[in-house]
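Below you'll find the structure, written out as structure tokens, and then a few comments.
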Amino acid sequence: MAITLGELAAALGAELVRGDPETPVAGVAGLDDAGPGHVAYVENARRLEEAERGPAAALIAPPSLQSRRKPLLRVPNPRLAFARALGLFAPAAPPPVGIHPTAVIGSGVALGEGISVGPHAVIGDDCRIGDRARIHALASIGRGVQVGPESEVFPNVTIYDGVSLGARVIVHAGAVIGCVGFGYAQDGEAHISLPHIGTVIVEDDVEIGANVTIDRATTGATVIGQGTKIDNLVHIAHNVTIGRHCLLAGQVGISGSVTLGDHVVLAGQVGVADHVVLGDAAQAGARAAIIGDVPAGAVVWGYPARKRGEQLRIEAATSRLPELVRALQDLKRRLSALEAKLRGG
Amino acid sequence: MAITLGELAAALGAELVRGDPETPVAGVAGLDDAGPGHVAYVENARRLEEAERGPAAALIAPPSLQSRRKPLLRVPNPRLAFARALGLFAPAAPPPVGIHPTAVIGSGVALGEGISVGPHAVIGDDCRIGDRARIHALASIGRGVQVGPESEVFPNVTIYDGVSLGARVIVHAGAVIGCVGFGYAQDGEAHISLPHIGTVIVEDDVEIGANVTIDRATTGATVIGQGTKIDNLVHIAHNVTIGRHCLLAGQVGISGSVTLGDHVVLAGQVGVADHVVLGDAAQAGARAAIIGDVPAGAVVWGYPARKRGEQLRIEAATSRLPELVRALQDLKRRLSALEAKLRGG
Amino acid sequence: MAITLGELAAALGAELVRGDPETPVAGVAGLDDAGPGHVAYVENARRLEEAERGPAAALIAPPSLQSRRKPLLRVPNPRLAFARALGLFAPAAPPPVGIHPTAVIGSGVALGEGISVGPHAVIGDDCRIGDRARIHALASIGRGVQVGPESEVFPNVTIYDGVSLGARVIVHAGAVIGCVGFGYAQDGEAHISLPHIGTVIVEDDVEIGANVTIDRATTGATVIGQGTKIDNLVHIAHNVTIGRHCLLAGQVGISGSVTLGDHVVLAGQVGVADHVVLGDAAQAGARAAIIGDVPAGAVVWGYPARKRGEQLRIEAATSRLPELVRALQDLKRRLSALEAKLRGG
């Protein structure tokens, strides 16, 4: 797309500092990828010098940043401005509106306006697909599923019967929503499957990563709260309730009946044991193994997870463990010598 | 479905205590989801008081439980009764019998009686599909695959050539069975793939979760024993042998050539190193990293995994590590003072 | 296939020791699976005695190995010879050349010679599919994707728009390549998705396991270097650069903007934090949590990951922690007694 620096500044609500507004902008890029004519996003002030040496035509920067060598697009929230600038340069390539002739649509399906259904997609009986929703190729939508308006379901996704997706929900390729939970009753030596007559409710503006699995509830619903974002290969078990605007990074595992408040952040590979409750805005560092409740706002870390400060002190002491063993042996020797001396004296 | 409390008691073989057998039952539910007219399942006695305050019409409970406020359905195995009651209220919605016209069936395929093959499912040459098996939409069954009677293969599953599934096996959406194992020979700096001419044998009554991966053996077979249940996103490598009636929770990873006995239970995110042997009924706590053999009946925990009691003692001592460092420094100071005093004296 | 011991020796460039070259070979197998007439692969010298007692007709062995009871096929690289022998006995079963009538091919697609496209596969507009490439059933290839010659894409794989695969790349079932990365900007309490206008470049001879996820870059490209092999359920985030001939075992997770050199080996369930750099030939033991840079050639282990020797010393000391606590208490008691005695004296 053809756009000038001045037009980009206007589109982002940015203050253009020292740049010629007529300069054409070739694109927008992260610092490592920015070429001549690009507007580059400077993630943090430490990389400013590097950015100034680079070929970029201008930099997206916070209000406090000064540069003697590059034009700046100053905005209060540079990362948000970067997101918007990327949107301007993203190749707009929505799938074509309409239902591909190879798609299989069940009976009693209510299809909204302007929807797109790709090749070989399968939509079961009695579904409701909202306006402008996009069901990509080879997606499997079960019976009685609701897909809200402007939601997008990528290829090879499986949505089981009766699941409900809100508006503007994105489900990436290979994700599975509504599978039966891992719950069994013991009958002699055999494990008897608990029928799962509950469902999954995914609220508005949720994003679900590739190959994620979200199990349906035994009874009631597994709930993913509004605006929550889930990275690839995350597992969410049955009867879980996740609050609003949470972030779950790659390969996180949430056991059955866990409750997460709003704005919870779990870093990569975190695990949460069953029935645990995490309060609003609780955070867990990468690989934390959470086996007990976490109060609102707390930051936990480690295996098992402890409050971050405590865990850091433990890790520091752990690094010194071999030295402590030697110090202890040394003390023991000196003490024994002293005892012998006193006995002798 | 319309059923009375007396009929439900009869169906579950339960003793109805203090309830009117003519009371209509609206449904069955976990305690958190039970509404008026529901029969609720009380997971444990600690939640009895809460259950009595709730709206449920009656409670499924063990023989020992007493309640002054609610009718009880007393059974020796309440969880099993709950499973059966859920089954009574589960919406019976099997896919329609027959082969969807868009399914692609190879040559030489032996199809049993009463099977169901969904839209766009693909079945390769020379497969045998047992009676009443259900192959859902968009499933891919390779060549020469056996699917036993009453087995169910969900959408977007991939079964590679030559794999064998027993009777009543359930494979959830997105699972991949029979992929080539991760084995290479070094040729200079290149890794040369070992052709995997073995297969995967899944015995009767096994359940395989969503997006699970099970690799075929190099030679011989990777075996999943009868009645074993595998949760979502589990990885089972080549040449693994898993016994009967094991439980593998979410995101467990089993390396190559591992052997699990019968009734082994691995909690979420457990990892097992290659060639390790776990005896019958061995158990591992969540996130355990098992790098050596585990005897039958042992319970292990931690990273690396140790016997549970030992690991708990280590974790307790670890929590006190910063305090131990201070105590050690204090001892050192006192000892030095004592030594100085004695030298002085 | 009918082949004699002498012919097999010739095909593998092996020295046949004490065997009759006219002996027919029934197959090749790992030690546990070898039956009469098989040539067995002896993984290491410790299993030689077991191999000699077994039914195998001959053994693939290194030049140094001696056997009084079995003919040997001596080769400098036995594992590579095993790989080649397996290839000789693997059932050659490529999918049929040609495009299945149910496949959906977009407009402007350039199809090479001798390609195979399976049932219900979907190939988007403007793709280039190289000679002899195989696209299996139900695979979804987006728009503008390049698939190099002799590459193989298994069922239910999803490749997003614009991704590039080199020559002889293998993508196993259920893998997802080119999904949007997990990057957000904060706008009030909402998380705003960063449009990802970058791509994924997979170089020649890469193998990607089942249900792996590889995210596209925000700008620029996520790169998987030549000859690298990736096991099942691995997650590779946006903007990652992986060098040549690396090995990533099952369930590894690589965070955003990580850089791996060449010949890096990560064992199962390893996690790497964002922006970390691993030098050439760095190695990480199973479950290592790598939160800082790792120099070339270093071997790390643990949570958090430390150099292997250091981590082993820490683990040994950790095992003795409860004993250290007791020793410390004992010292304290003895020291107090000494102090009291001296005060008294």
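To be explicit about the labels: the chains of the structure tokens are called A, B, and onward in the order shown, and within each one the residues are counted from 1, while ligands get numbers from 1 in the order they are shown.
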Residue list for chain A near chain C as a count of residues only, 6 Å, only C-alpha atoms:
10
Which parts of region 19-243 of chain B does DSSP call alpha helix (DSSP H) when run on the backbone here, written out as a ChimeraX atom specification?
/B:48-53,78-89
Val223 (chain B): which residues within 7 Å, counting only C-alpha atoms, same-chain residues fewer than 4 positions away excluded, as a ChimeraX atom specification?
/B:200-202,240-242
Any chance you could export the current selection's N, CA, C and O atoms as a CSV table (one decimal), in the first residue's frame?
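As written to disk, selection17.csv reads:
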chain,number,residue,atom,x,y,z
B,200,VAL,N,1.7,-49.8,15.2
B,200,VAL,CA,1.1,-49.5,16.5
B,200,VAL,C,-0.1,-50.5,16.7
B,200,VAL,O,-0.9,-50.6,15.8
B,201,ILE,N,-0.1,-51.1,17.9
B,201,ILE,CA,-1.3,-51.9,18.2
B,201,ILE,C,-2.0,-51.3,19.4
B,201,ILE,O,-1.4,-51.2,20.5
B,202,VAL,N,-3.2,-50.9,19.2
B,202,VAL,CA,-4.0,-50.4,20.3
B,202,VAL,C,-5.1,-51.4,20.7
B,202,VAL,O,-5.9,-51.8,19.9
B,240,VAL,N,7.4,-48.1,22.5
B,240,VAL,CA,6.9,-48.1,23.8
B,240,VAL,C,5.9,-49.2,24.0
B,240,VAL,O,5.2,-49.6,23.1
B,241,THR,N,5.9,-49.8,25.2
B,241,THR,CA,4.9,-50.8,25.6
B,241,THR,C,4.2,-50.3,26.8
B,241,THR,O,4.8,-50.1,27.9
B,242,ILE,N,2.9,-50.1,26.7
B,242,ILE,CA,2.1,-49.6,27.9
B,242,ILE,C,1.1,-50.8,28.2
B,242,ILE,O,0.5,-51.4,27.4
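Between CA of His238 (chain A) and CA of Gly250 (chain B) the separation is 11.5 Å.
Atom pair CA of Ala305 (chain B) / CA of Ile230 (chain B) has a distance of 21.1 Å (rounded to one decimal).
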Check region 206-319 of chain B with DSSP on the backbone and list each residue it calls strand (DSSP E or B), as an MDAnalysis selection string.
chainID B and resid 207:208 213:215 221:224 229:230 235:236 241:242 247:248 253:254 259:260 265:266 271:272 277:278 283:284 289:290 294 299:301 306:307
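Every protein or nucleic acid residue with an atom no more than 12 Å from Glu49 (chain C), counting only C-alpha atoms and leaving out same-chain residues fewer than 6 positions away, appears here: C:Leu31, C:Val42, C:Leu59, C:Leu65, C:Gln66, C:Ser67, C:Arg68, C:Arg69, C:Lys70.
Coordinates place CA of Asp280 (chain B) at a distance of 7.3 Å from CA of Leu260 (chain B).
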